[in-house]
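Okay, so here's the structure we're looking at.
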Amino acid sequence: MTSHTPADKAIITCAITGVLTDPGQHHVPVTPEQLAQEARRACDAGAAVVHVHFRNQEPGKGHLPSWDPQVARDCVQAMREACPGLIINQTTGVVGPHYQGPLECLRATRPEMAACNAGSLNYLKVRSNGTWAWPPMLFDNQPAKVKDFIDVMLETGTLPEFECFDVGIVRCVEMYVQTGMYTERLPEYNFVMGVESGMPADPDLLPILLKLKIKDAPWQATVIGRSEIWPVHQRVAELGGHLRTGLEDTFYLPDGMKADSNGPLIEKLAEYARNAGREVASPQEARGMLGLKAAGMPREIAALAGKFPDFPLREGNTA
């Protein structure tokens with residue numbers, strides 16, 4: 001039997017709901033109860049991390065985002081209760097100069113991880129008839145805005161996951177380190193592939209991205225689309241990256257069947273990891289690999305436990 005070190009293992013993230021998907025058309029969770037149920041399905045299938053967007057809780061408005069800190073608290077608490085030890089990765093993406101909402105949600109929930117969108121992108125898509133799918137827009141993430149998110153994540157003890165939508169944004173992350181904008185540790189990269197005006201979902205692009213990131217920095221790929229995403233996921237697994245999918249990123253399994261929950265999508269990623277000779281990290285193992293405190297432990301105790309490996313941990317304090 002082959003033994004696997006923690007470094008060999010793949011951390012799977014479930015992108016559980018997404019930004020604007022209409023729950024009337026797709027099986028995306030909106031309420032705390034629905035998020036808890038989907039988080040349980042994802043964890044049972046192999047996810048250690050859940051990336052979450054919060055939605056408006058008013059009837060008929062579940063397709064709209066919410067930056068209400070109480071909604072954020074309720075959603076996070078429900079998922080944690082359903083999946084003890086689950087790692088929360090919270091969205092922060094917002095267009096425009098007013099982004100106090102995401103910052104307040106970070107302060108309200110103090111998630112272990114959060115998306116830190118690392119650069120700006122013209123967010124575009126064209127229909128087959130040559131018209132815009134939506135009015136052309138700029139997803140603006142200038143350095144001052146990125147720094148504000150980094151600073152609040154430092155305040156809340158949250159690990160930034162640097163979202164890179166294009167090749168130049170990958171290169172910007174190293175500049176944030178060089179200039180002292182981010183100094184905590186090696187940055188976590190998330191290569192976002194498949195946005196129509198960003199990096200394509202192409203496995204041949206991955207070796208180039210790995211050459212551009214900081215040496216030894218951990219990475220994963222978010223791959224958006226349909227059938228074209230699955231060869232990319234398999235290549236990510238083979239190259240040692242971490243894996244992410246969910247109803248935010250796709251509705252379709254490799255055979256073209258529509259997924260009715262996050263569970264089958266996560267099961268496929270776990271299968272791809274094992275096809276590459278890797279095992280899937282548990283939430284506890286993922287915490288160690290990402291340098292996160294153990295679930296439910298005060299920060300000071302977690303720091304002692306990390307500094308002194310033999311430090312006694314009370315039963316129930318590990319995830």
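Labels for the structure tokens follow display order: chains A, B, ..., residues from 1 in each chain, ligands from 1.
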Enumerate, as a PDB file with N, CA and C atoms, in the first residue's frame, the complete set of residues in range 148-249 of chain A that a backbone-based DSSP assignment places in strand (DSSP E).
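File written: out-v5.pdb
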ATOM      1  N   LEU A 159      -6.546  33.994   6.036  1.00  0.00           N
ATOM      2  CA  LEU A 159      -5.538  33.758   5.007  1.00  0.00           C
ATOM      3  C   LEU A 159      -6.059  34.243   3.660  1.00  0.00           C
ATOM      4  N   PRO A 160      -5.378  35.210   3.020  1.00  0.00           N
ATOM      5  CA  PRO A 160      -5.820  35.644   1.689  1.00  0.00           C
ATOM      6  C   PRO A 160      -5.536  34.563   0.646  1.00  0.00           C
ATOM      7  N   GLU A 161      -6.499  34.359  -0.228  1.00  0.00           N
ATOM      8  CA  GLU A 161      -6.290  33.511  -1.404  1.00  0.00           C
ATOM      9  C   GLU A 161      -6.321  34.441  -2.608  1.00  0.00           C
ATOM     10  N   PHE A 162      -5.163  34.629  -3.238  1.00  0.00           N
ATOM     11  CA  PHE A 162      -5.045  35.634  -4.290  1.00  0.00           C
ATOM     12  C   PHE A 162      -5.646  35.105  -5.595  1.00  0.00           C
ATOM     13  N   GLU A 163      -6.783  35.707  -5.984  1.00  0.00           N
ATOM     14  CA  GLU A 163      -7.508  35.290  -7.182  1.00  0.00           C
ATOM     15  C   GLU A 163      -6.878  35.960  -8.405  1.00  0.00           C
ATOM     16  N   CYS A 164      -6.420  35.138  -9.347  1.00  0.00           N
ATOM     17  CA  CYS A 164      -5.730  35.641 -10.531  1.00  0.00           C
ATOM     18  C   CYS A 164      -6.536  35.265 -11.767  1.00  0.00           C
ATOM     19  N   GLU A 188      -0.943  32.386  -1.291  1.00  0.00           N
ATOM     20  CA  GLU A 188      -1.754  31.315  -1.875  1.00  0.00           C
ATOM     21  C   GLU A 188      -2.324  31.829  -3.199  1.00  0.00           C
ATOM     22  N   TYR A 189      -2.034  31.117  -4.286  1.00  0.00           N
ATOM     23  CA  TYR A 189      -2.523  31.509  -5.607  1.00  0.00           C
ATOM     24  C   TYR A 189      -3.778  30.709  -5.966  1.00  0.00           C
ATOM     25  N   ASN A 190      -4.723  31.385  -6.600  1.00  0.00           N
ATOM     26  CA  ASN A 190      -5.867  30.717  -7.210  1.00  0.00           C
ATOM     27  C   ASN A 190      -5.943  31.168  -8.664  1.00  0.00           C
ATOM     28  N   PHE A 191      -5.606  30.262  -9.590  1.00  0.00           N
ATOM     29  CA  PHE A 191      -5.668  30.579 -11.014  1.00  0.00           C
ATOM     30  C   PHE A 191      -7.114  30.395 -11.480  1.00  0.00           C
ATOM     31  N   VAL A 192      -7.766  31.500 -11.819  1.00  0.00           N
ATOM     32  CA  VAL A 192      -9.171  31.453 -12.248  1.00  0.00           C
ATOM     33  C   VAL A 192      -9.189  31.365 -13.771  1.00  0.00           C
ATOM     34  N   MET A 193      -9.656  30.240 -14.280  1.00  0.00           N
ATOM     35  CA  MET A 193      -9.610  29.958 -15.702  1.00  0.00           C
ATOM     36  C   MET A 193     -11.025  29.736 -16.229  1.00  0.00           C
ATOM     37  N   TRP A 219      -0.895  26.523  -4.628  1.00  0.00           N
ATOM     38  CA  TRP A 219      -1.800  27.023  -5.663  1.00  0.00           C
ATOM     39  C   TRP A 219      -2.955  26.059  -5.881  1.00  0.00           C
ATOM     40  N   GLN A 220      -4.013  26.626  -6.433  1.00  0.00           N
ATOM     41  CA  GLN A 220      -5.129  25.828  -6.904  1.00  0.00           C
ATOM     42  C   GLN A 220      -5.650  26.474  -8.181  1.00  0.00           C
ATOM     43  N   ALA A 221      -6.565  25.787  -8.850  1.00  0.00           N
ATOM     44  CA  ALA A 221      -7.202  26.360 -10.034  1.00  0.00           C
ATOM     45  C   ALA A 221      -8.707  26.313  -9.875  1.00  0.00           C
ATOM     46  N   THR A 222      -9.334  27.434 -10.172  1.00  0.00           N
ATOM     47  CA  THR A 222     -10.779  27.517 -10.326  1.00  0.00           C
ATOM     48  C   THR A 222     -11.056  27.470 -11.823  1.00  0.00           C
ATOM     49  N   VAL A 223     -11.870  26.524 -12.256  1.00  0.00           N
ATOM     50  CA  VAL A 223     -12.089  26.329 -13.688  1.00  0.00           C
ATOM     51  C   VAL A 223     -13.586  26.429 -13.973  1.00  0.00           C
ATOM     52  N   HIS A 242      -4.048  22.238  -5.857  1.00  0.00           N
ATOM     53  CA  HIS A 242      -5.278  21.916  -5.145  1.00  0.00           C
ATOM     54  C   HIS A 242      -6.464  22.172  -6.074  1.00  0.00           C
ATOM     55  N   LEU A 243      -7.607  21.638  -5.715  1.00  0.00           N
ATOM     56  CA  LEU A 243      -8.727  21.522  -6.641  1.00  0.00           C
ATOM     57  C   LEU A 243      -9.954  22.245  -6.124  1.00  0.00           C
ATOM     58  N   ARG A 244     -10.712  22.819  -7.059  1.00  0.00           N
ATOM     59  CA  ARG A 244     -11.947  23.489  -6.678  1.00  0.00           C
ATOM     60  C   ARG A 244     -12.996  23.284  -7.757  1.00  0.00           C
ATOM     61  N   THR A 245     -14.212  22.992  -7.332  1.00  0.00           N
ATOM     62  CA  THR A 245     -15.373  23.049  -8.208  1.00  0.00           C
ATOM     63  C   THR A 245     -16.607  23.243  -7.343  1.00  0.00           C
TER      64      THR A 245
END
Item to check | DSSP-assigned alpha helix (DSSP H) among range 80-275 of chain A, expressed as a PyMOL selection string | outcome: chain A and resi 80-82+100-109+143-156+167-178+206-212+229-239+262-275
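What separates CA of Ala10 in chain A from CA of Leu186 in chain A is a distance of 18.1 Å.
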Next on the checklist: as a ChimeraX atom specification, please: the residues near range 248-260 of chain A (cut-off 8 Å, only C-alpha atoms, same-chain neighbours under 3 positions excluded).
Outcome noted: /A:15-19,21,27,222-227,230,245,264-265,268
Item to check | Computed interatomic separation between CA of Gly263 in chain A and CA of Leu239 in chain A (Å) | outcome: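 CA of Leu239 in chain A lies 24.0 Å from CA of Gly263 in chain A.
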Next on the checklist: Calculated over only C-alpha atoms, which of the candidates A:Pro84, A:Gly101, A:Pro283, A:Gly62 has the smallest distance to Ala47 in chain A?
Outcome noted: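 Answer, going by the shortest atom-to-atom distance: A:Pro283.
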Next on the checklist: As an exercise, work out the distance from CA of Gly157 in chain A to CA of Val170 in chain A in Å and give it to one decimal place.
Outcome noted: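 A separation of 23.4 Å between them.
Restricting the calculation to only C-alpha atoms, the smallest distance between Leu35 in chain A and any of A:Gln178, A:Gln77, A:Thr158, A:Ser66 is found for A:Gln77.
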Checklist entry - Got a sec: who's within 8 Å of Thr109 in chain A, counting only C-alpha atoms, leaving out chain neighbours fewer than 5 positions off, as a list of chain:residue names? => result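 The residues satisfying every condition are A:Pro69, A:Ala72, A:Arg73, A:Val76.
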Next on the checklist: Restricting the calculation to only C-alpha atoms: of A:Asp216, A:Asp74, A:Asp68, A:Glu81, which residue gets closest to Cys105 in chain A?
Outcome noted: A:Asp68
Item to check | Of the listed residues A:Val126, A:Leu20, A:Ile12, A:Leu121, that which approaches Leu138 in chain A most closely, counting only C-alpha atoms | outcome: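 Of the candidates, the smallest distance to Leu138 in chain A is held by A:Leu121.
Using only C-alpha atoms, the residues found no farther than 9 Å from Arg40 in chain A, other than those of its own chain fewer than 3 positions away, are Leu35, Ala36, Gln37, Cys43, Asp44, Ala45, Met79, Ala82, Cys83 and Gly263 of chain A.
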Checklist outcome for this item: Using only C-alpha atoms, the best pick from A:Lys211, A:Arg80, A:Arg127, A:Arg278 as closest to Val50 in chain A would be A:Arg80
